[in-house]
file entry.cif (mmCIF, C-alpha atoms)
data_input
loop_
_atom_site.label_atom_id
_atom_site.label_comp_id
_atom_site.auth_asym_id
_atom_site.auth_seq_id
_atom_site.Cartn_x
_atom_site.Cartn_y
_atom_site.Cartn_z
CA MET A 1352 48.91 -70.00 -63.70
CA GLU A 1353 47.88 -68.86 -67.17
CA LEU A 1354 44.24 -69.20 -66.06
CA LEU A 1355 45.00 -67.14 -62.96
CA ARG A 1356 46.60 -64.38 -65.03
CA LYS A 1357 43.54 -64.25 -67.28
CA TRP A 1358 41.23 -63.89 -64.28
CA LEU A 1359 43.41 -61.24 -62.67
CA GLY A 1360 43.04 -59.26 -65.88
CA HIS A 1361 39.24 -59.60 -65.73
CA PRO A 1362 38.21 -59.48 -62.05
CA GLU A 1363 34.54 -59.10 -63.00
CA ASP A 1364 34.72 -62.65 -64.40
CA ILE A 1365 35.59 -63.96 -60.94
CA TYR A 1366 32.59 -62.30 -59.35
CA HIS A 1367 30.17 -63.68 -61.92
CA LEU A 1368 31.73 -67.16 -62.05
CA LEU A 1369 31.34 -67.46 -58.29
CA ARG A 1370 27.86 -65.97 -58.36
CA PHE A 1371 26.91 -68.37 -61.16
CA LYS A 1372 28.42 -71.38 -59.42
CA MET A 1373 26.91 -70.54 -56.02
CA GLY A 1374 23.36 -70.59 -57.37
CA GLY A 1375 23.02 -67.47 -59.52
CA TYR A 1376 22.47 -69.67 -62.56
CA ARG A 1377 19.04 -70.48 -61.18
CA ALA A 1378 18.01 -66.88 -61.98
CA VAL A 1379 18.34 -67.64 -65.68
CA MET A 1380 17.92 -71.43 -65.52
CA PRO A 1381 15.40 -72.41 -62.84
CA ARG A 1382 15.38 -76.14 -62.12
CA MET A 1383 12.56 -78.01 -63.83
CA ASP A 1384 10.62 -80.74 -62.04
CA THR A 1385 10.28 -83.64 -64.49
CA ASP A 1386 8.84 -86.09 -61.95
CA SER A 1387 5.30 -84.86 -62.56
CA LEU A 1388 5.53 -85.37 -66.32
CA GLY A 1389 4.15 -88.32 -68.22
CA CYS A 1390 6.48 -90.98 -69.58
CA GLY A 1391 6.49 -89.57 -73.12
CA LEU A 1392 7.36 -86.03 -72.07
CA ARG A 1393 10.09 -87.26 -69.70
CA THR A 1394 11.58 -89.17 -72.63
CA CYS A 1395 11.44 -86.04 -74.80
CA TYR A 1396 13.27 -83.97 -72.19
CA ARG A 1397 15.87 -86.71 -71.91
CA TYR A 1398 16.41 -86.51 -75.67
CA LEU A 1399 16.57 -82.73 -75.39
CA ASN A 1400 19.38 -82.94 -72.84
CA GLN A 1401 21.20 -85.58 -74.89
CA THR A 1402 21.09 -83.66 -78.18
CA SER A 1403 21.50 -80.03 -77.09
CA ARG A 1404 23.92 -78.37 -74.74
CA SER A 1405 23.02 -74.99 -76.21
CA PHE A 1406 19.29 -74.92 -75.61
CA ALA A 1407 18.29 -77.61 -73.11
CA ALA A 1408 18.69 -75.50 -69.98
CA VAL A 1409 17.04 -72.33 -71.29
CA ILE A 1410 14.18 -74.27 -72.89
CA GLN A 1411 13.45 -75.91 -69.54
CA ALA A 1412 13.48 -72.46 -67.91
CA LEU A 1413 10.59 -71.23 -70.06
CA ASP A 1414 7.27 -70.65 -68.32
CA GLY A 1415 4.21 -72.88 -68.42
CA GLU A 1416 3.15 -74.94 -71.39
CA LEU A 1417 5.46 -72.94 -73.67
CA ARG A 1418 8.44 -75.01 -72.51
CA HIS A 1419 6.79 -78.24 -73.73
CA ALA A 1420 5.95 -76.67 -77.11
CA VAL A 1421 9.50 -75.38 -77.58
CA CYS A 1422 10.99 -78.70 -76.43
CA ILE A 1423 8.97 -80.61 -79.05
CA PHE A 1424 9.72 -77.93 -81.67
CA TYR A 1425 13.42 -78.37 -81.01
CA LEU A 1426 13.28 -82.19 -81.22
CA VAL A 1427 11.28 -82.14 -84.46
CA LEU A 1428 13.81 -79.80 -86.06
CA ARG A 1429 16.68 -81.86 -84.62
CA ALA A 1430 15.20 -84.94 -86.32
CA LEU A 1431 14.84 -83.03 -89.59
CA ASP A 1432 18.40 -81.74 -89.31
CA THR A 1433 19.67 -85.27 -88.63
CA VAL A 1434 18.17 -86.40 -91.92
CA GLU A 1435 19.85 -83.49 -93.73
CA ASP A 1436 23.25 -84.18 -92.12
CA ASP A 1437 23.23 -87.94 -92.75
CA MET A 1438 25.51 -88.44 -95.75
CA SER A 1439 24.64 -92.17 -95.86
CA ILE A 1440 21.14 -91.36 -97.15
CA PRO A 1441 21.14 -91.18 -100.99
CA LEU A 1442 19.88 -87.88 -102.42
CA ASP A 1443 17.01 -89.57 -104.25
CA VAL A 1444 15.81 -90.75 -100.83
CA LYS A 1445 16.80 -87.71 -98.78
CA VAL A 1446 15.11 -85.02 -100.88
CA PRO A 1447 11.60 -86.58 -100.66
CA MET A 1448 12.19 -87.25 -96.93
CA LEU A 1449 12.94 -83.57 -96.31
CA HIS A 1450 9.92 -82.43 -98.33
CA GLU A 1451 7.54 -84.83 -96.59
CA PHE A 1452 8.99 -84.83 -93.09
CA HIS A 1453 6.28 -82.58 -91.62
CA SER A 1454 3.63 -85.14 -92.59
CA HIS A 1455 5.25 -87.75 -90.31
CA LEU A 1456 4.15 -85.67 -87.31
CA TYR A 1457 0.66 -87.06 -87.86
CA GLN A 1458 1.75 -90.67 -88.53
CA PRO A 1459 1.93 -92.42 -85.12
CA ASP A 1460 4.17 -95.29 -86.27
CA TRP A 1461 6.63 -93.48 -88.56
CA LYS A 1462 10.30 -93.77 -87.63
CA TYR A 1463 13.64 -94.04 -89.40
CA THR A 1464 16.08 -96.66 -88.16
CA GLU A 1465 18.87 -96.52 -90.71
CA SER A 1466 20.57 -93.28 -89.74
CA LYS A 1467 24.26 -93.29 -88.86
CA GLU A 1468 24.21 -89.88 -87.18
CA LYS A 1469 25.01 -89.36 -83.48
CA ASP A 1470 21.52 -87.99 -82.74
CA ARG A 1471 19.72 -90.85 -84.51
CA GLN A 1472 17.64 -91.63 -81.41
CA VAL A 1473 15.28 -88.77 -82.32
CA LEU A 1474 14.55 -90.58 -85.60
CA GLU A 1475 14.48 -94.09 -84.14
CA ASP A 1476 12.01 -93.04 -81.45
CA PHE A 1477 10.15 -90.46 -83.50
CA PRO A 1478 6.81 -92.04 -82.49
CA THR A 1479 7.32 -90.74 -78.93
CA ILE A 1480 8.12 -87.24 -80.21
CA SER A 1481 5.23 -87.19 -82.66
CA MET A 1482 2.85 -88.45 -79.96
CA GLU A 1483 3.79 -85.56 -77.68
CA PHE A 1484 3.51 -83.21 -80.67
CA ARG A 1485 -0.10 -84.34 -81.14
CA ASN A 1486 -0.74 -83.82 -77.43
CA LEU A 1487 0.09 -80.11 -77.81
CA SER A 1488 -2.64 -77.53 -78.38
CA LYS A 1489 -3.51 -77.19 -82.07
CA VAL A 1490 -2.17 -73.64 -82.16
CA TYR A 1491 1.30 -75.00 -81.32
CA GLN A 1492 0.96 -77.96 -83.70
CA ASP A 1493 0.14 -75.66 -86.61
CA VAL A 1494 3.26 -73.54 -86.03
CA ILE A 1495 5.62 -76.51 -85.65
CA SER A 1496 4.24 -78.36 -88.69
CA ASP A 1497 4.39 -75.24 -90.87
CA ILE A 1498 7.99 -74.37 -89.95
CA CYS A 1499 9.07 -78.00 -90.33
CA HIS A 1500 7.60 -78.06 -93.84
CA LYS A 1501 9.25 -74.80 -94.92
CA MET A 1502 12.60 -75.77 -93.43
CA GLY A 1503 12.56 -79.19 -95.09
CA VAL A 1504 11.94 -77.60 -98.49
CA GLY A 1505 14.74 -75.10 -97.91
CA MET A 1506 17.20 -77.76 -96.76
CA ALA A 1507 16.48 -79.81 -99.89
CA GLU A 1508 17.11 -76.75 -102.07
CA PHE A 1509 20.61 -76.25 -100.68
CA LEU A 1510 21.70 -79.90 -100.61
CA GLU A 1511 23.59 -79.54 -103.90
CA LYS A 1512 23.62 -75.77 -104.17
CA LYS A 1513 26.52 -73.50 -103.23
CA VAL A 1514 25.95 -70.24 -101.37
CA ASP A 1515 26.97 -67.82 -104.12
CA SER A 1516 25.43 -64.37 -103.63
CA GLN A 1517 24.83 -62.45 -100.43
CA HIS A 1518 21.12 -62.80 -101.20
CA GLU A 1519 21.52 -66.59 -101.21
CA TRP A 1520 23.49 -66.35 -97.96
CA ASP A 1521 20.51 -64.60 -96.40
CA LYS A 1522 18.21 -67.20 -97.94
CA TYR A 1523 20.22 -70.15 -96.60
CA CYS A 1524 20.41 -68.57 -93.14
CA HIS A 1525 16.66 -67.95 -93.30
CA TYR A 1526 15.96 -71.62 -93.96
CA VAL A 1527 18.19 -72.98 -91.20
CA ALA A 1528 17.85 -70.24 -88.55
CA GLY A 1529 15.48 -67.46 -89.55
CA LEU A 1530 12.59 -69.91 -89.73
CA VAL A 1531 13.48 -71.07 -86.22
CA GLY A 1532 13.24 -67.45 -85.02
CA ILE A 1533 9.90 -67.04 -86.77
CA GLY A 1534 8.55 -70.31 -85.37
CA LEU A 1535 9.66 -69.53 -81.83
CA SER A 1536 8.12 -66.05 -82.06
CA ARG A 1537 4.81 -67.53 -83.17
CA LEU A 1538 4.96 -69.99 -80.26
CA PHE A 1539 5.66 -67.12 -77.83
CA SER A 1540 2.56 -65.29 -79.05
CA ALA A 1541 0.46 -68.46 -79.13
CA SER A 1542 1.27 -69.02 -75.46
CA GLU A 1543 -0.05 -65.49 -74.72
CA LEU A 1544 3.11 -64.81 -72.73
CA GLU A 1545 3.96 -62.30 -75.47
CA ASP A 1546 1.86 -59.93 -77.56
CA SER A 1547 0.67 -60.99 -81.00
CA ILE A 1548 3.02 -58.53 -82.74
CA VAL A 1549 6.00 -60.67 -81.64
CA GLY A 1550 4.77 -63.57 -83.77
CA GLN A 1551 3.44 -61.41 -86.59
CA ASP A 1552 6.59 -59.38 -87.30
CA THR A 1553 8.46 -62.04 -89.24
CA ASP A 1554 11.17 -59.64 -90.46
CA LEU A 1555 12.42 -58.99 -86.93
CA ALA A 1556 12.15 -62.66 -85.96
CA ASN A 1557 14.08 -63.62 -89.09
CA SER A 1558 16.85 -61.16 -88.17
CA MET A 1559 17.19 -62.81 -84.76
CA GLY A 1560 18.00 -66.10 -86.47
CA LEU A 1561 20.21 -64.60 -89.18
CA PHE A 1562 22.40 -62.76 -86.67
CA LEU A 1563 23.12 -65.99 -84.78
CA GLN A 1564 23.62 -68.12 -87.89
CA LYS A 1565 25.94 -65.65 -89.62
CA THR A 1566 28.01 -65.38 -86.44
CA ASN A 1567 28.40 -69.17 -86.35
CA ILE A 1568 29.30 -69.34 -90.05
CA ILE A 1569 31.87 -66.57 -89.73
CA ARG A 1570 33.50 -68.04 -86.62
CA ASP A 1571 33.49 -71.62 -87.95
CA TYR A 1572 35.43 -70.92 -91.17
CA LEU A 1573 38.30 -73.28 -90.38
CA GLU A 1574 36.16 -76.08 -88.92
CA ASP A 1575 33.87 -76.03 -91.95
CA GLN A 1576 36.87 -76.06 -94.32
CA MET A 1577 38.32 -79.09 -92.55
CA GLU A 1578 35.00 -80.93 -92.93
CA GLY A 1579 34.48 -79.94 -96.56
CA ARG A 1580 31.68 -77.43 -95.98
CA GLU A 1581 31.48 -73.92 -97.43
CA PHE A 1582 28.97 -71.34 -96.21
CA TRP A 1583 30.78 -68.05 -96.82
CA PRO A 1584 29.12 -66.36 -99.85
CA ARG A 1585 31.18 -66.59 -103.04
CA GLU A 1586 30.15 -63.05 -104.00
CA VAL A 1587 32.23 -61.77 -101.08
CA TRP A 1588 35.18 -64.14 -100.78
CA SER A 1589 35.83 -64.28 -104.54
CA ARG A 1590 36.95 -60.65 -104.36
CA TYR A 1591 39.77 -61.71 -102.06
CA ALA A 1592 40.81 -65.20 -103.24
CA LYS A 1593 40.40 -67.70 -106.10
CA LYS A 1594 39.21 -70.40 -103.72
CA LEU A 1595 37.66 -70.06 -100.27
CA SER A 1596 40.32 -72.40 -98.86
CA ASP A 1597 43.04 -69.99 -100.04
CA LEU A 1598 42.10 -67.56 -97.26
CA ALA A 1599 43.77 -69.86 -94.74
CA LYS A 1600 47.17 -69.62 -96.47
CA PRO A 1601 49.68 -67.47 -94.55
CA GLU A 1602 50.51 -65.38 -97.63
CA ASN A 1603 46.82 -64.42 -97.97
CA MET A 1604 46.25 -63.43 -94.36
CA ASP A 1605 45.83 -59.70 -95.01
CA VAL A 1606 43.08 -60.16 -97.61
CA ALA A 1607 41.54 -62.98 -95.55
CA VAL A 1608 41.06 -60.61 -92.62
CA GLN A 1609 39.55 -58.01 -94.96
CA CYS A 1610 37.05 -60.62 -96.18
CA LEU A 1611 36.30 -61.56 -92.57
CA ASN A 1612 35.67 -57.92 -91.65
CA GLU A 1613 33.28 -57.48 -94.58
CA LEU A 1614 31.19 -60.46 -93.46
CA ILE A 1615 31.13 -59.25 -89.86
CA THR A 1616 29.96 -55.86 -91.10
CA ASN A 1617 27.16 -57.65 -92.98
CA ALA A 1618 26.10 -59.49 -89.82
CA LEU A 1619 26.09 -56.30 -87.74
CA HIS A 1620 23.27 -54.91 -89.89
CA HIS A 1621 20.89 -57.25 -88.01
CA VAL A 1622 21.63 -55.75 -84.58
CA PRO A 1623 19.06 -52.90 -84.77
CA ASP A 1624 16.35 -55.47 -85.57
CA VAL A 1625 17.55 -57.64 -82.67
CA LEU A 1626 17.25 -54.74 -80.23
CA THR A 1627 13.81 -53.77 -81.52
CA TYR A 1628 12.64 -57.39 -81.19
CA LEU A 1629 13.96 -57.75 -77.63
CA SER A 1630 12.39 -54.44 -76.60
CA ARG A 1631 8.94 -55.92 -77.29
CA LEU A 1632 9.28 -58.91 -74.97
CA LYS A 1633 7.44 -58.87 -71.64
CA ASN A 1634 7.98 -62.31 -70.12
CA GLN A 1635 11.27 -62.72 -68.25
CA SER A 1636 11.85 -66.35 -69.22
CA VAL A 1637 11.26 -65.56 -72.89
CA PHE A 1638 13.54 -62.52 -72.68
CA ASN A 1639 16.37 -64.58 -71.16
CA PHE A 1640 15.86 -67.30 -73.76
CA CYS A 1641 16.15 -64.78 -76.62
CA ALA A 1642 18.70 -62.31 -75.26
CA ILE A 1643 21.47 -64.64 -74.05
CA PRO A 1644 22.36 -66.08 -77.48
CA GLN A 1645 22.32 -62.58 -79.01
CA VAL A 1646 24.80 -61.08 -76.54
CA MET A 1647 27.01 -64.15 -76.93
CA ALA A 1648 26.94 -63.51 -80.68
CA ILE A 1649 27.97 -59.85 -80.50
CA ALA A 1650 30.80 -60.75 -78.11
CA THR A 1651 31.93 -63.47 -80.53
CA LEU A 1652 31.91 -61.07 -83.49
CA ALA A 1653 33.96 -58.55 -81.49
CA ALA A 1654 36.49 -61.29 -80.74
CA CYS A 1655 36.62 -62.35 -84.41
CA TYR A 1656 36.81 -58.88 -85.97
CA ASN A 1657 40.18 -58.21 -87.64
CA ASN A 1658 41.49 -61.39 -86.01
CA GLN A 1659 43.77 -63.70 -88.02
CA GLN A 1660 43.09 -66.49 -85.52
CA VAL A 1661 39.77 -67.20 -87.28
CA PHE A 1662 41.86 -68.74 -90.09
CA ARG A 1663 44.25 -70.59 -87.78
CA GLY A 1664 42.14 -72.09 -85.03
CA VAL A 1665 39.15 -71.46 -82.80
CA VAL A 1666 38.11 -68.03 -81.52
CA LYS A 1667 36.09 -68.25 -78.32
CA ILE A 1668 34.97 -65.81 -75.69
CA ARG A 1669 36.19 -66.48 -72.15
CA LYS A 1670 34.03 -68.67 -69.92
CA GLY A 1671 33.92 -65.91 -67.33
CA GLN A 1672 32.91 -63.47 -70.03
CA ALA A 1673 30.12 -65.81 -71.15
CA VAL A 1674 28.83 -66.16 -67.58
CA THR A 1675 28.98 -62.39 -67.10
CA LEU A 1676 26.86 -61.91 -70.22
CA MET A 1677 24.36 -64.53 -69.07
CA MET A 1678 23.99 -62.90 -65.68
CA ASP A 1679 23.73 -59.37 -67.07
CA ALA A 1680 21.46 -59.80 -70.10
CA THR A 1681 18.16 -59.82 -68.21
CA ASN A 1682 16.61 -56.54 -69.40
CA ILE A 1683 16.63 -54.43 -72.55
CA GLN A 1684 18.75 -51.60 -71.11
CA ALA A 1685 21.42 -54.07 -70.07
CA VAL A 1686 21.39 -55.69 -73.51
CA LYS A 1687 21.68 -52.29 -75.20
CA ALA A 1688 24.67 -51.48 -72.99
CA ILE A 1689 26.28 -54.81 -73.87
CA MET A 1690 25.73 -54.25 -77.60
CA TYR A 1691 27.13 -50.73 -77.28
CA GLN A 1692 30.21 -52.01 -75.47
CA TYR A 1693 31.07 -54.61 -78.12
CA VAL A 1694 30.40 -52.46 -81.19
CA GLU A 1695 32.69 -49.85 -79.61
CA GLU A 1696 35.30 -52.59 -79.23
CA ILE A 1697 34.93 -53.37 -82.94
CA TYR A 1698 35.07 -49.67 -83.82
CA GLN A 1699 38.39 -49.29 -82.04
CA LYS A 1700 39.84 -52.12 -84.17
CA ILE A 1701 38.74 -50.88 -87.62
CA PRO A 1702 41.86 -50.56 -89.81
CA SER A 1703 41.93 -47.31 -91.78
CA THR A 1704 42.99 -49.29 -94.86
CA ASP A 1705 40.19 -51.87 -94.61
CA PRO A 1706 37.97 -51.81 -97.75
CA SER A 1707 34.84 -52.13 -95.56
CA SER A 1708 35.88 -49.53 -92.98
CA ASN A 1709 33.32 -46.91 -94.05
CA LYS A 1710 30.47 -49.45 -94.08
CA THR A 1711 31.56 -50.79 -90.68
CA GLN A 1712 31.60 -47.27 -89.21
CA GLN A 1713 28.16 -46.56 -90.67
CA VAL A 1714 26.50 -49.68 -89.25
CA ILE A 1715 28.11 -49.06 -85.86
CA ALA A 1716 26.74 -45.50 -85.93
CA SER A 1717 23.23 -46.90 -86.49
CA ILE A 1718 23.66 -49.32 -83.57
CA ARG A 1719 24.95 -46.53 -81.33
CA ALA A 1720 21.86 -44.46 -82.13
CA ILE A 1721 19.52 -47.02 -80.57
CA SER A 1722 21.78 -48.47 -77.88
CA LEU A 1723 23.37 -45.41 -76.29
CA PRO A 1724 23.59 -46.42 -72.63
CA GLY A 1725 21.33 -44.42 -70.37
CA SER A 1726 21.36 -46.49 -67.21
CA PRO A 1727 23.83 -47.65 -64.55
CA MET A 1728 24.28 -50.83 -66.60
CA ALA A 1729 26.24 -48.76 -69.10
CA SER A 1730 29.13 -48.62 -66.68
CA ARG A 1731 28.81 -52.22 -65.58
CA HIS A 1732 32.52 -52.88 -66.10
CA HIS A 1733 33.78 -49.84 -64.20
CA TYR A 1734 34.86 -51.09 -60.77
CA SER A 1735 36.18 -49.18 -57.80
CA PRO A 1736 39.77 -49.68 -56.58
CA ILE A 1737 38.46 -51.44 -53.46
CA TYR A 1738 36.40 -53.83 -55.58
CA LEU A 1739 39.35 -54.52 -57.85
CA SER A 1740 41.61 -55.30 -54.91
CA CYS A 1741 39.07 -57.63 -53.35
CA ALA A 1742 38.39 -59.32 -56.64
CA MET A 1743 42.08 -59.87 -57.31
CA LEU A 1744 42.54 -61.35 -53.85
CA LEU A 1745 39.51 -63.55 -54.45
CA ALA A 1746 41.00 -64.62 -57.77
CA ALA A 1747 44.26 -65.61 -56.11
CA LEU A 1748 42.45 -67.64 -53.45
CA SER A 1749 39.89 -69.35 -55.62
CA TRP A 1750 41.33 -69.81 -59.11
CA GLN A 1751 41.97 -73.50 -58.53
CA TYR A 1752 38.47 -74.07 -57.21
CA LEU A 1753 36.95 -72.32 -60.20
CA SER A 1754 38.99 -74.41 -62.61
CA THR A 1755 36.99 -77.43 -61.46
CA LEU A 1756 33.49 -76.07 -62.11
CA SER A 1757 30.86 -78.75 -62.41
CA LYS A 1758 30.48 -80.28 -65.87
CA ALA A 1759 26.89 -79.15 -66.17
CA THR A 1760 27.85 -75.54 -65.61
CA GLU A 1761 30.82 -75.71 -67.97
CA ASP A 1762 28.77 -77.40 -70.68
CA TYR A 1763 26.20 -74.64 -70.54
CA VAL A 1764 28.80 -71.88 -70.75
CA GLN A 1765 30.56 -73.62 -73.64
CA ALA A 1766 27.22 -73.95 -75.36
CA GLY A 1767 26.84 -70.20 -75.23
CA GLU A 1768 30.07 -69.93 -77.17
CA ASN A 1769 28.93 -72.41 -79.83
#
call {"tool": "encode", "arguments": {"input": "entry.cif", "output": "structure tokens"}}
result
Amino acid sequence: MELLRKWLGHPEDIYHLLRFKMGGYRAVMPRMDTDSLGCGLRTCYRYLNQTSRSFAAVIQALDGELRHAVCIFYLVLRALDTVEDDMSIPLDVKVPMLHEFHSHLYQPDWKYTESKEKDRQVLEDFPTISMEFRNLSKVYQDVISDICHKMGVGMAEFLEKKVDSQHEWDKYCHYVAGLVGIGLSRLFSASELEDSIVGQDTDLANSMGLFLQKTNIIRDYLEDQMEGREFWPREVWSRYAKKLSDLAKPENMDVAVQCLNELITNALHHVPDVLTYLSRLKNQSVFNFCAIPQVMAIATLAACYNNQQVFRGVVKIRKGQAVTLMMDATNIQAVKAIMYQYVEEIYQKIPSTDPSSNKTQQVIASIRAISLPGSPMASRHHYSPIYLSCAMLLAALSWQYLSTLSKATEDYVQAGEN
């Protein structure tokens, strides 16, 4: 009944959950025919589906040869990331591996069979991945190899290094996410589905990655603490506590939330770049691929802002909310309206006593200036009384059915929250 009450409070979720379940998901995730692929590529797509709930579906929805390039790009970076995450590899072995990993793309027999990580199959069968890498056009190979090299160097740098300053926070996020945004943008342009400026403007592409990574780091405070990881910049949290872990103590909750709000304000500075980047995209599959994670991120930040729950458990957006965002975020005007909606939600929650309140208001003003809604999408959550009545009746009749959504659909929606 709790689920029913939630849906009755958000009737638009019901409409989009049903629309998504009844086939609307194919608008953003068209089914890919793998039967016509060679054995190596079929294996790579199997690994993609095994190692990524977040990106597998949208990668496979990309047009033409771009989907193969992005699939291989993802698997190469997944293999690199698996090396970084594997704590069983001694540092004197791991650091050279990270530095040299890009060279293994051109070594047909190279593989690593000693990993203990859950995604170790991408290292154990790296010859299949590297073979398909070498089957790509050289323009794609050059991008993937270059980004792999730069990311490996960056990962090695931060293996034993704490994230101290806000500058280093940006640098760390650049290595693990900004470079992904830059690499993807270069692949988009190389495919000729997007103009060359998309791949050339590395500042905007970097901001796309930083916005997503900072959102994840902010939301995952408690999970990272429990696993002994620290990614919040010391320069910020040290103004509020002696140790980062102290923010989770009940007696420190007021200053913890102030620290949280300051980091969210920092992340919001990337939104204007995100909107400028998305406004340049022409291909629908590329737009969906790029826009969906960004609107999930702004919704997540709105849910986290001024929210003590970040320090007590997990803050997630509703599944129906996630599906609504996926179904709506298919054009730049819709995305601007979504961004406007969620920064307004944050604005309404700014405490007058918050040390960052002026900065938060200023960055929201800059986002408003470029995302003021000027289309019917701006009122996408304003429903007529007749619609509301029908939706509430529909909720009452179908809440049990919706609670048993297929696992594939639920996995994808959860991935949008992660």
call {"tool": "resolve_selection", "arguments": {"input": "entry.cif", "expression": "the PyMOL selection byres ((chain A and resi 1453-1459) around 8)", "output": "PDB file with C-alpha atoms, in the frame of the given file"}}
result
ATOM      1  CA  HIS A1450       9.920 -82.430 -98.330  1.00  0.00           C
ATOM      2  CA  GLU A1451       7.540 -84.830 -96.590  1.00  0.00           C
ATOM      3  CA  PHE A1452       8.990 -84.830 -93.090  1.00  0.00           C
ATOM      4  CA  ASP A1460       4.170 -95.290 -86.270  1.00  0.00           C
ATOM      5  CA  TRP A1461       6.630 -93.480 -88.560  1.00  0.00           C
ATOM      6  CA  PRO A1478       6.810 -92.040 -82.490  1.00  0.00           C
ATOM      7  CA  SER A1481       5.230 -87.190 -82.660  1.00  0.00           C
ATOM      8  CA  MET A1482       2.850 -88.450 -79.960  1.00  0.00           C
ATOM      9  CA  PHE A1484       3.510 -83.210 -80.670  1.00  0.00           C
ATOM     10  CA  ARG A1485      -0.100 -84.340 -81.140  1.00  0.00           C
ATOM     11  CA  SER A1496       4.240 -78.360 -88.690  1.00  0.00           C
ATOM     12  CA  ASP A1497       4.390 -75.240 -90.870  1.00  0.00           C
ATOM     13  CA  CYS A1499       9.070 -78.000 -90.330  1.00  0.00           C
ATOM     14  CA  HIS A1500       7.600 -78.060 -93.840  1.00  0.00           C
ATOM     15  CA  GLY A1503      12.560 -79.190 -95.090  1.00  0.00           C
TER      16      GLY A1503
END
call {"tool": "residues_around", "arguments": {"input": "entry.cif", "residues": "region 1699-1706 of chain A", "least_positions_apart": "5", "cutoff": "10 Å", "atoms": "only C-alpha atoms", "output": "list of chain:residue names"}}
result
A:Asp1605, A:Val1606, A:Val1608, A:Gln1609, A:Cys1610, A:Asn1612, A:Glu1613, A:Ala1653, A:Tyr1656, A:Asn1657, A:Asn1658, A:Tyr1693, A:Val1694, A:Thr1711, A:Gln1712
call {"tool": "closest_residue", "arguments": {"input": "entry.cif", "among": "A:Leu1538, A:Ala1618, A:Leu1392, A:Leu1449", "to": "Asp1521 (chain A)", "atoms": "all atoms listed in the file"}}
result
A:Ala1618
call {"tool": "atom_distance", "arguments": {"input": "entry.cif", "atom1": "CA of Ile1480 (chain A)", "atom2": "CA of Ile1533 (chain A)"}}
result
21.3 Å
call {"tool": "residues_around", "arguments": {"input": "entry.cif", "residues": "Gly1391 (chain A)", "least_positions_apart": "4", "cutoff": "12 Å", "atoms": "all atoms listed in the file", "output": "PyMOL selection string"}}
result
chain A and resi 1385-1387+1395-1398+1419+1423+1476-1486
call {"tool": "residues_around", "arguments": {"input": "entry.cif", "residues": "Ser1516 (chain A)", "least_positions_apart": "3", "cutoff": "8 Å", "atoms": "only C-alpha atoms", "output": "PyMOL selection string"}}
result
chain A and resi 1519-1520+1584-1587
call {"tool": "resolve_selection", "arguments": {"input": "entry.cif", "expression": "the PyMOL selection byres ((chain A and resi 1524) around 12)", "output": "short mmCIF file (atom, residue, chain, number, x, y, z; two decimals) with C-alpha atoms, in the frame of the given file"}}
result
data_model
loop_
_atom_site.label_atom_id
_atom_site.label_comp_id
_atom_site.auth_asym_id
_atom_site.auth_seq_id
_atom_site.Cartn_x
_atom_site.Cartn_y
_atom_site.Cartn_z
CA MET A 1502 12.60 -75.77 -93.43
CA GLY A 1505 14.74 -75.10 -97.91
CA MET A 1506 17.20 -77.76 -96.76
CA PHE A 1509 20.61 -76.25 -100.68
CA VAL A 1514 25.95 -70.24 -101.37
CA GLN A 1517 24.83 -62.45 -100.43
CA HIS A 1518 21.12 -62.80 -101.20
CA GLU A 1519 21.52 -66.59 -101.21
CA TRP A 1520 23.49 -66.35 -97.96
CA ASP A 1521 20.51 -64.60 -96.40
CA LYS A 1522 18.21 -67.20 -97.94
CA TYR A 1523 20.22 -70.15 -96.60
CA HIS A 1525 16.66 -67.95 -93.30
CA TYR A 1526 15.96 -71.62 -93.96
CA VAL A 1527 18.19 -72.98 -91.20
CA ALA A 1528 17.85 -70.24 -88.55
CA GLY A 1529 15.48 -67.46 -89.55
CA LEU A 1530 12.59 -69.91 -89.73
CA VAL A 1531 13.48 -71.07 -86.22
CA GLY A 1532 13.24 -67.45 -85.02
CA ASN A 1557 14.08 -63.62 -89.09
CA SER A 1558 16.85 -61.16 -88.17
CA MET A 1559 17.19 -62.81 -84.76
CA GLY A 1560 18.00 -66.10 -86.47
CA LEU A 1561 20.21 -64.60 -89.18
CA PHE A 1562 22.40 -62.76 -86.67
CA LEU A 1563 23.12 -65.99 -84.78
CA GLN A 1564 23.62 -68.12 -87.89
CA LYS A 1565 25.94 -65.65 -89.62
CA THR A 1566 28.01 -65.38 -86.44
CA ASN A 1567 28.40 -69.17 -86.35
CA ILE A 1568 29.30 -69.34 -90.05
CA PHE A 1582 28.97 -71.34 -96.21
CA TRP A 1583 30.78 -68.05 -96.82
CA PRO A 1584 29.12 -66.36 -99.85
CA ALA A 1618 26.10 -59.49 -89.82
#
call {"tool": "atom_distance", "arguments": {"input": "entry.cif", "atom1": "CA of Ile1495 (chain A)", "atom2": "CA of Leu1426 (chain A)"}}
result
10.5 Å
call {"tool": "atom_distance", "arguments": {"input": "entry.cif", "atom1": "CA of Ser1488 (chain A)", "atom2": "CA of Thr1464 (chain A)"}}
result
28.5 Å
call {"tool": "closest_residue", "arguments": {"input": "entry.cif", "among": "A:Val1666, A:Ile1683, A:Ile1569, A:Ala1642", "to": "Leu1614 (chain A)", "atoms": "all atoms listed in the file"}}
result
A:Ile1569
call {"tool": "closest_residue", "arguments": {"input": "entry.cif", "among": "A:Ala1407, A:Ala1688, A:Val1434, A:Val1494", "to": "Val1446 (chain A)", "atoms": "all atoms listed in the file"}}
result
A:Val1434
call {"tool": "resolve_selection", "arguments": {"input": "entry.cif", "expression": "the PyMOL selection byres ((chain A and resi 1468) around 12)", "output": "PyMOL selection string"}}
result
chain A and resi 1402+1429-1440+1463-1467+1469-1475
